[in-house]
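A.B. asks: Structure incoming, see below.
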Amino acid sequence: MKVFLTGGSGYIGRATIDALIARGHQVDALARTGSAAEAVRRHGAEPVSGALTDPGVLRHAAAAADAVIHLAQASTAQEDLAAALAMMDGVGSGVYVHTGGTWVYGDTNGIVDETAPWNPPPIVAWRKQVEDAVLERGQHAVIVQPGLVYGGENRLIDYFFTQPGRETGAVPYIGDGTNNWALVHVDDIATLYAAALDARAGTVYLGVGGVGPTAREVAEVLGAGSTTSITLEQAGEQMGPIADAFALDQRFSSARAHNDLGWKPLHSDPLAVLAGC
């Protein structure tokens with residue numbers, strides 16, 4: 001299968017290219033810059049020059065593919081939806097896989113699945129209109145909702161926790177830190193994206209690793225025991241609106257992905273992985 005991918009040069013994107021190629025797929029990847037083009041080429045994908053704001057490029061690239069996986073992070077809901085619709089127009093009856101996220105469910109009050117009601121913090125509230133529009137198109141659309149991704153660069157965890165901890169000598173956690181984080185290893189979520197190409201149309205999949213340590217446990221391994229508690233107000237001042245998401249207490253079941261697609265995360269000890277970062 002020929003797959004067109006956005007966000008291919010990014011953290012999850014590079015791992016997803018690897019997972020797709022391992023399954024025998026051919027991958028074209030959107031590349032906004034020369035360095036992005038080189039990055040996707042190194043992982044075996046063919047770069048497509050353009051940006052997420054170029055609907056003509058997106059439509060044309062999607063039309064030349066059998067399936068699309070949209071990983072790139074848009075700056076607004078309008079931008080994300082316009083890109084999604086352009087690629088859905090292009091791929092036609094082919095599979096379109098869209099990226100959501102677990103934060104949209106808010107505090108879960110126990111273990112929940114994809115049928116749980118949404119209660120998003122403001123930073124991700126915009127996702128609902130986009131995901132609803134994608135599913136309402138009536139095409140072969142699938143949505144993958146990754147948890148907080150770790151492994152390799154760690155991206156968000158590294159930027160908002162590890163790096164500040166190195167600067168101050170103590171890794172922060174919010175409040176008492178007893179809230180659970182729904183983590184997933186970057187290689188595991190990449191295999192879910194690849195598996196989603198075989199999913200039923202209209203299906204939503206939570207991509208979580210099944211082990212949800214507390215925020216304080218994560219901080220303790222990142223800081224080798226040197227941690228500090230900050231209030232949600234302080235976190236907002238330091239991190240911006242994403243602090244509300246990091247303060248969520250979330251636990252999920254990925255049984256649907258396991259039952260439908262045979263997806264089983266291979267990384268079951270996130271604290272051990274994070275301790276080596």
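By convention in this document, the chains of the structure tokens carry letters A, B, ... by their order, each chain's residues are numbered from 1, and ligands are numbered from 1 in the order they are shown.
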Within range 49-120 of chain A, find each residue whose DSSP state, derived from the backbone, is alpha helix (DSSP H), and express the selection as an MDAnalysis selection string.
C.D. replies: chainID A and resid 55:63 77:91
A.B. asks: Using DSSP on the backbone coordinates, identify the residues of range 37-277 of chain A assigned to strand (DSSP E); present them as a VMD selection string.
C.D. replies: chain A and resid 46 to 49 67 to 70 95 to 99 111 to 112 141 to 146 148 to 150 171 to 174 183 to 185 204 to 207 227 to 230 251 to 252
A.B. asks: I need the residues from that last selection saved to file as a compact mmCIF listing (two decimals), in the first residue's frame (with N, CA and C atoms), if you can.
C.D. replies:
# COMPACT_ATOMS: atom_id res chain seq x y z
N GLU A 46 9.63 8.96 0.80
CA GLU A 46 9.86 9.93 -0.27
C GLU A 46 9.23 11.26 0.13
N PRO A 47 10.02 12.34 0.22
CA PRO A 47 9.44 13.61 0.65
C PRO A 47 8.55 14.25 -0.40
N VAL A 48 7.49 14.90 0.08
CA VAL A 48 6.60 15.69 -0.76
C VAL A 48 6.72 17.13 -0.27
N SER A 49 7.21 18.01 -1.11
CA SER A 49 7.45 19.39 -0.70
C SER A 49 6.14 20.14 -0.51
N ALA A 67 -3.78 5.41 1.08
CA ALA A 67 -4.20 5.75 2.44
C ALA A 67 -3.43 6.97 2.91
N VAL A 68 -3.99 7.65 3.89
CA VAL A 68 -3.37 8.85 4.47
C VAL A 68 -3.33 8.70 5.99
N ILE A 69 -2.20 9.09 6.59
CA ILE A 69 -2.10 9.19 8.04
C ILE A 69 -1.71 10.63 8.36
N HIS A 70 -2.57 11.32 9.08
CA HIS A 70 -2.35 12.74 9.39
C HIS A 70 -1.83 12.87 10.81
N VAL A 95 -8.27 4.81 2.94
CA VAL A 95 -8.31 4.98 4.39
C VAL A 95 -7.69 6.33 4.79
N TYR A 96 -8.36 7.04 5.66
CA TYR A 96 -7.83 8.28 6.22
C TYR A 96 -7.74 8.12 7.73
N VAL A 97 -6.52 8.21 8.28
CA VAL A 97 -6.29 8.06 9.72
C VAL A 97 -5.95 9.43 10.30
N HIS A 98 -6.77 9.87 11.25
CA HIS A 98 -6.63 11.20 11.84
C HIS A 98 -6.11 11.08 13.28
N THR A 99 -5.34 12.06 13.70
CA THR A 99 -4.78 12.06 15.05
C THR A 99 -5.61 12.89 16.02
N ILE A 111 -10.86 3.63 35.07
CA ILE A 111 -10.46 3.19 33.74
C ILE A 111 -11.65 3.30 32.79
N VAL A 112 -11.45 4.00 31.67
CA VAL A 112 -12.52 4.18 30.69
C VAL A 112 -12.01 3.80 29.30
N ALA A 141 -12.79 6.82 7.43
CA ALA A 141 -11.98 7.58 8.39
C ALA A 141 -11.82 6.78 9.67
N VAL A 142 -10.62 6.87 10.25
CA VAL A 142 -10.28 6.23 11.51
C VAL A 142 -9.56 7.27 12.36
N ILE A 143 -9.83 7.28 13.66
CA ILE A 143 -9.14 8.24 14.54
C ILE A 143 -8.32 7.48 15.58
N VAL A 144 -7.07 7.87 15.72
CA VAL A 144 -6.19 7.33 16.75
C VAL A 144 -5.95 8.42 17.79
N GLN A 145 -6.17 8.07 19.05
CA GLN A 145 -6.00 9.02 20.15
C GLN A 145 -4.83 8.58 21.03
N PRO A 146 -3.63 9.06 20.75
CA PRO A 146 -2.48 8.65 21.56
C PRO A 146 -2.54 9.22 22.97
N LEU A 148 0.03 10.22 26.33
CA LEU A 148 1.24 11.03 26.43
C LEU A 148 2.42 10.16 26.01
N VAL A 149 3.10 10.55 24.95
CA VAL A 149 4.10 9.70 24.33
C VAL A 149 5.47 9.87 25.01
N TYR A 150 6.14 8.73 25.24
CA TYR A 150 7.48 8.75 25.82
C TYR A 150 8.38 7.83 25.01
N VAL A 171 12.91 18.24 39.38
CA VAL A 171 11.86 18.07 38.37
C VAL A 171 10.50 18.35 39.01
N PRO A 172 9.67 19.18 38.38
CA PRO A 172 8.39 19.54 38.99
C PRO A 172 7.30 18.50 38.77
N TYR A 173 6.36 18.46 39.68
CA TYR A 173 5.08 17.80 39.47
C TYR A 173 4.02 18.71 40.05
N ILE A 174 2.78 18.54 39.60
CA ILE A 174 1.72 19.48 39.96
C ILE A 174 0.92 18.94 41.14
N LEU A 183 0.38 6.91 29.53
CA LEU A 183 1.57 6.93 28.68
C LEU A 183 1.52 5.87 27.58
N VAL A 184 2.25 6.13 26.51
CA VAL A 184 2.43 5.14 25.45
C VAL A 184 3.80 5.36 24.82
N HIS A 185 4.52 4.29 24.58
CA HIS A 185 5.85 4.40 23.98
C HIS A 185 5.73 4.79 22.52
N VAL A 204 -12.76 4.72 16.43
CA VAL A 204 -11.84 5.53 17.23
C VAL A 204 -11.06 4.58 18.13
N TYR A 205 -9.73 4.78 18.18
CA TYR A 205 -8.87 3.92 18.99
C TYR A 205 -8.04 4.73 19.98
N LEU A 206 -8.14 4.36 21.24
CA LEU A 206 -7.24 4.90 22.25
C LEU A 206 -5.90 4.19 22.14
N GLY A 207 -4.84 4.97 22.11
CA GLY A 207 -3.49 4.40 22.03
C GLY A 207 -2.75 4.65 23.33
N THR A 227 12.87 16.27 43.24
CA THR A 227 11.62 16.76 42.70
C THR A 227 11.11 17.94 43.51
N THR A 228 10.12 18.62 42.95
CA THR A 228 9.48 19.71 43.67
C THR A 228 8.02 19.80 43.27
N SER A 229 7.17 20.03 44.25
CA SER A 229 5.75 20.20 43.97
C SER A 229 5.47 21.67 43.66
N ILE A 230 4.67 21.88 42.60
CA ILE A 230 4.24 23.23 42.27
C ILE A 230 2.71 23.23 42.18
N ARG A 251 -6.86 7.18 33.22
CA ARG A 251 -6.56 5.77 33.02
C ARG A 251 -7.50 5.24 31.94
N PHE A 252 -6.93 4.49 31.02
CA PHE A 252 -7.70 4.03 29.86
C PHE A 252 -7.46 2.56 29.57
A.B. asks: Please report, as a tab-separated table, each residue of range 15-90 of chain A lying at most 12 Å from range 118-136 of chain A, together with the nearest pair of atoms and the separation in Å rounded to one decimal; use only C-alpha atoms, and order rows by chain and ascending residue number.
C.D. replies:
residue	atom	partner	partner_atom	distance
A:His70	CA	A:Val134	CA	11.7
A:Gln73	CA	A:Arg127	CA	11.3
A:Ala74	CA	A:Arg127	CA	10.7
A:Ser75	CA	A:Trp126	CA	10.8
A:Thr76	CA	A:Trp126	CA	8.0
A:Ala77	CA	A:Trp126	CA	5.8
A:Gln78	CA	A:Val130	CA	8.2
A:Glu79	CA	A:Val130	CA	9.8
A:Asp80	CA	A:Val130	CA	7.3
A:Leu81	CA	A:Val130	CA	5.5
A:Ala82	CA	A:Val130	CA	9.2
A:Ala83	CA	A:Val130	CA	10.4
A:Ala84	CA	A:Val134	CA	7.3
A:Leu85	CA	A:Val134	CA	7.4
A:Ala86	CA	A:Val134	CA	11.0
A:Met87	CA	A:Val134	CA	10.7
A:Met88	CA	A:Val134	CA	8.5
A:Asp89	CA	A:Val134	CA	11.2
